[in-house]
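What follows is start20.csv (CSV, C-alpha atoms).
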```
chain,number,residue,atom,x,y,z
A,15,TYR,CA,-4.0,-5.6,-11.8
A,16,LEU,CA,-0.8,-3.7,-12.3
A,17,ASP,CA,2.2,-5.9,-12.9
A,18,GLU,CA,5.5,-4.1,-12.1
A,19,THR,CA,9.1,-5.0,-13.1
A,20,TYR,CA,12.0,-2.9,-11.9
A,21,THR,CA,15.6,-3.4,-12.9
A,22,GLY,CA,18.7,-1.3,-11.9
A,23,THR,CA,21.5,-1.4,-9.4
A,24,MET,CA,21.4,-1.4,-5.6
A,25,MET,CA,24.5,-0.9,-3.5
A,26,GLY,CA,26.5,-1.5,-6.7
A,27,MET,CA,24.9,-4.8,-7.5
A,28,PRO,CA,22.3,-5.8,-10.1
A,29,PHE,CA,18.7,-5.4,-8.8
A,30,GLU,CA,15.5,-6.8,-10.1
A,31,GLY,CA,12.1,-6.6,-8.4
A,32,HIS,CA,8.6,-7.6,-9.2
A,33,GLY,CA,5.4,-6.4,-7.8
A,34,THR,CA,1.6,-6.7,-8.2
A,35,MET,CA,-0.9,-4.0,-7.3
A,36,ALA,CA,-4.6,-4.6,-7.3
A,37,TYR,CA,-7.8,-3.1,-5.9
A,38,ASP,CA,-10.0,-5.6,-4.0
A,39,ASN,CA,-13.6,-4.7,-4.5
A,40,VAL,CA,-14.7,-6.9,-1.6
A,41,GLN,CA,-12.2,-5.5,1.0
A,42,LYS,CA,-12.4,-2.0,-0.5
A,43,LYS,CA,-8.6,-1.5,-0.4
A,44,TYR,CA,-5.5,-1.9,-2.4
A,45,LEU,CA,-3.4,-5.1,-2.2
A,46,ASN,CA,0.2,-5.6,-3.3
A,47,THR,CA,3.0,-8.2,-3.4
A,48,TRP,CA,6.7,-7.7,-3.8
A,49,ILE,CA,9.7,-10.0,-4.5
A,50,ASP,CA,13.2,-9.1,-5.5
A,51,ASN,CA,16.6,-10.7,-5.9
A,52,MET,CA,17.9,-9.2,-2.7
A,53,GLY,CA,15.9,-11.6,-0.5
A,54,THR,CA,13.9,-14.8,-0.5
A,55,GLY,CA,10.6,-13.7,1.0
A,56,ILE,CA,7.4,-12.3,-0.4
A,57,MET,CA,6.0,-9.1,1.0
A,58,PHE,CA,2.3,-8.6,1.2
A,59,GLY,CA,0.6,-5.3,1.8
A,60,THR,CA,-2.6,-3.4,2.0
A,61,GLY,CA,-3.4,0.3,1.7
A,62,THR,CA,-5.2,3.2,0.2
A,63,CYS,CA,-4.9,5.7,-2.6
A,64,ASP,CA,-5.4,9.5,-2.4
A,65,ALA,CA,-8.5,11.1,-3.9
A,66,GLY,CA,-6.5,12.3,-7.0
A,67,GLY,CA,-5.5,8.7,-7.8
A,68,THR,CA,-1.8,9.5,-7.8
A,69,THR,CA,-0.4,8.4,-4.4
A,70,TRP,CA,-0.7,5.0,-2.8
A,71,THR,CA,0.2,4.4,0.8
A,72,MET,CA,0.7,0.8,1.7
A,73,THR,CA,1.5,-1.1,5.0
A,74,SER,CA,3.2,-4.4,4.7
A,75,ASP,CA,4.8,-7.2,6.8
A,76,MET,CA,8.2,-8.5,5.9
A,77,ALA,CA,10.9,-10.7,7.5
A,78,ASP,CA,13.8,-8.5,8.6
A,79,PRO,CA,16.9,-10.1,6.9
A,80,MET,CA,19.1,-9.2,9.8
A,81,THR,CA,16.9,-10.6,12.6
A,82,GLY,CA,14.4,-12.9,11.0
A,83,ALA,CA,11.6,-11.1,12.9
A,84,MET,CA,8.5,-9.8,11.1
A,85,VAL,CA,8.5,-6.0,10.8
A,86,LYS,CA,5.9,-3.5,9.6
A,87,THR,CA,6.9,-1.4,6.6
A,88,ARG,CA,5.3,1.5,4.9
A,89,SER,CA,5.6,2.4,1.2
A,90,VAL,CA,4.5,5.4,-0.8
A,91,THR,CA,4.1,5.1,-4.6
A,92,LYS,CA,3.5,8.4,-6.5
A,93,VAL,CA,2.7,8.9,-10.1
A,94,VAL,CA,5.1,11.7,-11.1
A,95,ASP,CA,3.8,12.0,-14.7
A,96,ALA,CA,2.6,9.6,-17.5
A,97,ASP,CA,6.1,7.9,-17.8
A,98,HIS,CA,7.5,8.1,-14.2
A,99,LEU,CA,6.8,6.7,-10.7
A,100,SER,CA,8.5,7.1,-7.4
A,101,PHE,CA,8.5,4.4,-4.8
A,102,GLU,CA,9.8,4.9,-1.2
A,103,MET,CA,9.9,2.2,1.4
A,104,TYR,CA,10.2,2.9,5.2
A,105,ALA,CA,11.0,0.4,8.0
A,106,PRO,CA,12.2,0.5,11.6
A,107,GLY,CA,15.9,1.6,11.8
A,108,PRO,CA,18.4,0.5,14.4
A,109,ASP,CA,16.9,2.8,16.9
A,110,GLY,CA,13.3,1.5,16.2
A,111,LYS,CA,12.2,4.7,14.5
A,112,GLU,CA,11.0,4.7,10.9
A,113,MET,CA,13.6,5.4,8.3
A,114,LYS,CA,13.7,5.3,4.5
A,115,MET,CA,15.3,2.0,3.4
A,116,MET,CA,14.7,2.2,-0.3
A,117,GLU,CA,13.8,4.6,-3.1
A,118,ILE,CA,13.1,3.6,-6.7
A,119,ILE,CA,12.6,6.1,-9.5
A,120,ALA,CA,10.9,4.3,-12.3
A,121,THR,CA,10.7,5.2,-16.0
A,122,ARG,CA,8.3,3.5,-18.4
A,123,THR,CA,9.9,1.6,-21.2
A,124,LYS,CA,8.2,1.7,-24.5
```

I'd like the structure from this file rewritten - as structure tokens, please.
Amino acid sequence: YLDETYTGTMMGMPFEGHGTMAYDNVQKKYLNTWIDNMGTGIMFGTGTCDAGGTTWTMTSDMADPMTGAMVKTRSVTKVVDADHLSFEMYAPGPDGKEMKMMEIIATRTK
């Protein structure tokens, strides 16, 4: 399991998020969870990793805070180097087309 904690600012406000990533040997896929202080729900996802082991693409379901409806999201996590990750999350925009809704650039603290 990979336990992730992210802190920073989002839209000028303090942000803290927590995630868990794991590989399920039975299902043969990656699983993740996500919670943060910008909402009250828990996001669950499943996905794959590229052959090089540096890019995970996950599909998740989350409650849209504006409508309350469940929506599909897509996230891409990339290992940039030994101390940096990038995380991008995409969801349907106002026109229904996928748009980037969040980007996190993470630096390992030692």

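Each of A:Val40, A:Asp109, A:Lys114, A:Met52 was checked against A:Met27 using all atoms listed in the file; the smallest atom-to-atom distance is that of A:Met52.
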
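With distances taken from (7.3, 7.6, -18.7) and restricted to all atoms listed in the file, the residues inside 10 Å are Val93, Val94, Asp95, Ala96, Asp97, His98, Leu99, Ala120, Thr121, Arg122, Thr123 and Lys124 of chain A.
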
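The gap separating atom CA of A:Thr54 from atom CA of A:Val85 is 15.3 Å, in Å to one decimal.
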
Show which residues sit within 9 Å of A:Ala105, as an NGL selection string. Count only C-alpha atoms, and ignore same-chain residues fewer than 6 positions away. :A and (85-89 or 111-115)

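Between atom CA of A:Met72 and atom CA of A:Pro28 the interatomic distance comes to 25.5 Å.
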
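Among the candidates A:Gly61, A:Gly110, A:Gly26, A:Pro79, the one nearest to A:Tyr44 when counting all atoms listed in the file is A:Gly61.
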
Find, counting only C-alpha atoms, the residue in A:Asp75, A:Glu30, A:Glu18, A:Glu117 that gets nearest to A:Ile56. A:Asp75

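Going from atom CA of A:Leu45 to atom CA of A:Lys92 covers 15.8 Å.
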
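For the choices A:Ser100, A:Trp48, A:Thr81, A:Thr73, the atom-to-atom distance to A:His32 is smallest for A:Trp48 when using all atoms listed in the file.
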
Name the residues in contact with A:Leu16 at a cut-off of 8 Å, using all atoms listed in the file, excluding same-chain residues fewer than 2 positions from it; report them as a ChimeraX atom specification. /A:18,34-36

With distances taken over all atoms listed in the file, the candidate from A:Ala77, A:Trp70, A:Ile119, A:Ala83 nearest A:Thr23 is A:Ile119

Within 7 Å of A:Val90 using only C-alpha atoms, minus same-chain residues under 3 positions, as a PDB file with C-alpha atoms, in the frame of the given file:
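Printed below is selection-v8.pdb as written:
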```pdb
ATOM      1  CA  THR A  69      -0.400   8.400  -4.400  1.00  0.00           C
ATOM      2  CA  TRP A  70      -0.700   5.000  -2.800  1.00  0.00           C
ATOM      3  CA  THR A  71       0.200   4.400   0.800  1.00  0.00           C
ATOM      4  CA  MET A  72       0.700   0.800   1.700  1.00  0.00           C
ATOM      5  CA  PHE A 101       8.500   4.400  -4.800  1.00  0.00           C
ATOM      6  CA  GLU A 102       9.800   4.900  -1.200  1.00  0.00           C
ATOM      7  CA  MET A 103       9.900   2.200   1.400  1.00  0.00           C
TER       8      MET A 103
END
```

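Distance check against A:Gly22 using all atoms listed in the file: of A:Asp64, A:Asp50, A:Asp38, A:Asp78, the minimum falls on A:Asp50.
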
With the input short on atoms, add N, CA and C atoms back to stretch 83-109 of chain A and write it as an mmCIF file, in the frame of the given file.
```cif
data_model
loop_
_atom_site.group_PDB
_atom_site.id
_atom_site.type_symbol
_atom_site.label_atom_id
_atom_site.label_comp_id
_atom_site.auth_asym_id
_atom_site.auth_seq_id
_atom_site.Cartn_x
_atom_site.Cartn_y
_atom_site.Cartn_z
ATOM 1 N N ALA A 83 12.932 -11.492 12.307
ATOM 2 C CA ALA A 83 11.600 -11.100 12.900
ATOM 3 C C ALA A 83 10.778 -10.395 11.860
ATOM 4 N N MET A 84 9.480 -10.521 11.997
ATOM 5 C CA MET A 84 8.500 -9.800 11.100
ATOM 6 C C MET A 84 8.491 -8.349 11.560
ATOM 7 N N VAL A 85 8.547 -7.450 10.573
ATOM 8 C CA VAL A 85 8.500 -6.000 10.800
ATOM 9 C C VAL A 85 7.423 -5.392 9.921
ATOM 10 N N LYS A 86 6.836 -4.292 10.375
ATOM 11 C CA LYS A 86 5.900 -3.500 9.600
ATOM 12 C C LYS A 86 6.676 -2.523 8.731
ATOM 13 N N THR A 87 6.307 -2.411 7.481
ATOM 14 C CA THR A 87 6.900 -1.400 6.600
ATOM 15 C C THR A 87 5.788 -0.525 6.065
ATOM 16 N N ARG A 88 6.187 0.629 5.575
ATOM 17 C CA ARG A 88 5.300 1.500 4.900
ATOM 18 C C ARG A 88 5.883 1.927 3.601
ATOM 19 N N SER A 89 5.082 1.934 2.541
ATOM 20 C CA SER A 89 5.600 2.400 1.200
ATOM 21 C C SER A 89 4.659 3.413 0.654
ATOM 22 N N VAL A 90 5.247 4.301 -0.116
ATOM 23 C CA VAL A 90 4.500 5.400 -0.800
ATOM 24 C C VAL A 90 4.890 5.330 -2.258
ATOM 25 N N THR A 91 3.900 5.110 -3.125
ATOM 26 C CA THR A 91 4.100 5.100 -4.600
ATOM 27 C C THR A 91 3.397 6.338 -5.132
ATOM 28 N N LYS A 92 4.123 7.150 -5.907
ATOM 29 C CA LYS A 92 3.500 8.400 -6.500
ATOM 30 C C LYS A 92 3.699 8.349 -7.994
ATOM 31 N N VAL A 93 2.617 8.716 -8.688
ATOM 32 C CA VAL A 93 2.700 8.900 -10.100
ATOM 33 C C VAL A 93 3.246 10.340 -10.311
ATOM 34 N N VAL A 94 4.440 10.418 -10.879
ATOM 35 C CA VAL A 94 5.100 11.700 -11.100
ATOM 36 C C VAL A 94 4.514 12.344 -12.382
ATOM 37 N N ASP A 95 4.449 11.550 -13.446
ATOM 38 C CA ASP A 95 3.800 12.000 -14.700
ATOM 39 C C ASP A 95 3.512 10.675 -15.476
ATOM 40 N N ALA A 96 3.100 10.801 -16.721
ATOM 41 C CA ALA A 96 2.600 9.600 -17.500
ATOM 42 C C ALA A 96 3.720 8.557 -17.660
ATOM 43 N N ASP A 97 5.000 8.914 -17.521
ATOM 44 C CA ASP A 97 6.100 7.900 -17.800
ATOM 45 C C ASP A 97 6.965 7.695 -16.549
ATOM 46 N N HIS A 98 6.641 8.272 -15.363
ATOM 47 C CA HIS A 98 7.500 8.100 -14.200
ATOM 48 C C HIS A 98 6.746 7.893 -12.913
ATOM 49 N N LEU A 99 7.284 6.999 -12.092
ATOM 50 C CA LEU A 99 6.800 6.700 -10.700
ATOM 51 C C LEU A 99 7.903 6.861 -9.754
ATOM 52 N N SER A 100 7.556 7.210 -8.533
ATOM 53 C CA SER A 100 8.500 7.100 -7.400
ATOM 54 C C SER A 100 7.986 6.172 -6.397
ATOM 55 N N PHE A 101 8.874 5.423 -5.793
ATOM 56 C CA PHE A 101 8.500 4.400 -4.800
ATOM 57 C C PHE A 101 9.475 4.616 -3.612
ATOM 58 N N GLU A 102 8.945 4.805 -2.412
ATOM 59 C CA GLU A 102 9.800 4.900 -1.200
ATOM 60 C C GLU A 102 9.286 3.876 -0.209
ATOM 61 N N MET A 103 10.225 3.186 0.428
ATOM 62 C CA MET A 103 9.900 2.200 1.400
ATOM 63 C C MET A 103 10.538 2.596 2.764
ATOM 64 N N TYR A 104 9.755 2.505 3.825
ATOM 65 C CA TYR A 104 10.200 2.900 5.200
ATOM 66 C C TYR A 104 10.060 1.649 6.083
ATOM 67 N N ALA A 105 11.015 1.487 7.005
ATOM 68 C CA ALA A 105 11.000 0.400 8.000
ATOM 69 C C ALA A 105 11.676 0.877 9.248
ATOM 70 N N PRO A 106 11.517 0.144 10.341
ATOM 71 C CA PRO A 106 12.200 0.500 11.600
ATOM 72 C C PRO A 106 13.738 0.481 11.369
ATOM 73 N N GLY A 107 14.410 1.549 11.807
ATOM 74 C CA GLY A 107 15.900 1.600 11.800
ATOM 75 C C GLY A 107 16.449 0.976 13.022
ATOM 76 N N PRO A 108 17.752 1.044 13.187
ATOM 77 C CA PRO A 108 18.400 0.500 14.400
ATOM 78 C C PRO A 108 17.873 0.995 15.696
ATOM 79 N N ASP A 109 17.399 2.252 15.682
ATOM 80 C CA ASP A 109 16.900 2.800 16.900
ATOM 81 C C ASP A 109 15.356 2.584 17.072
#
```
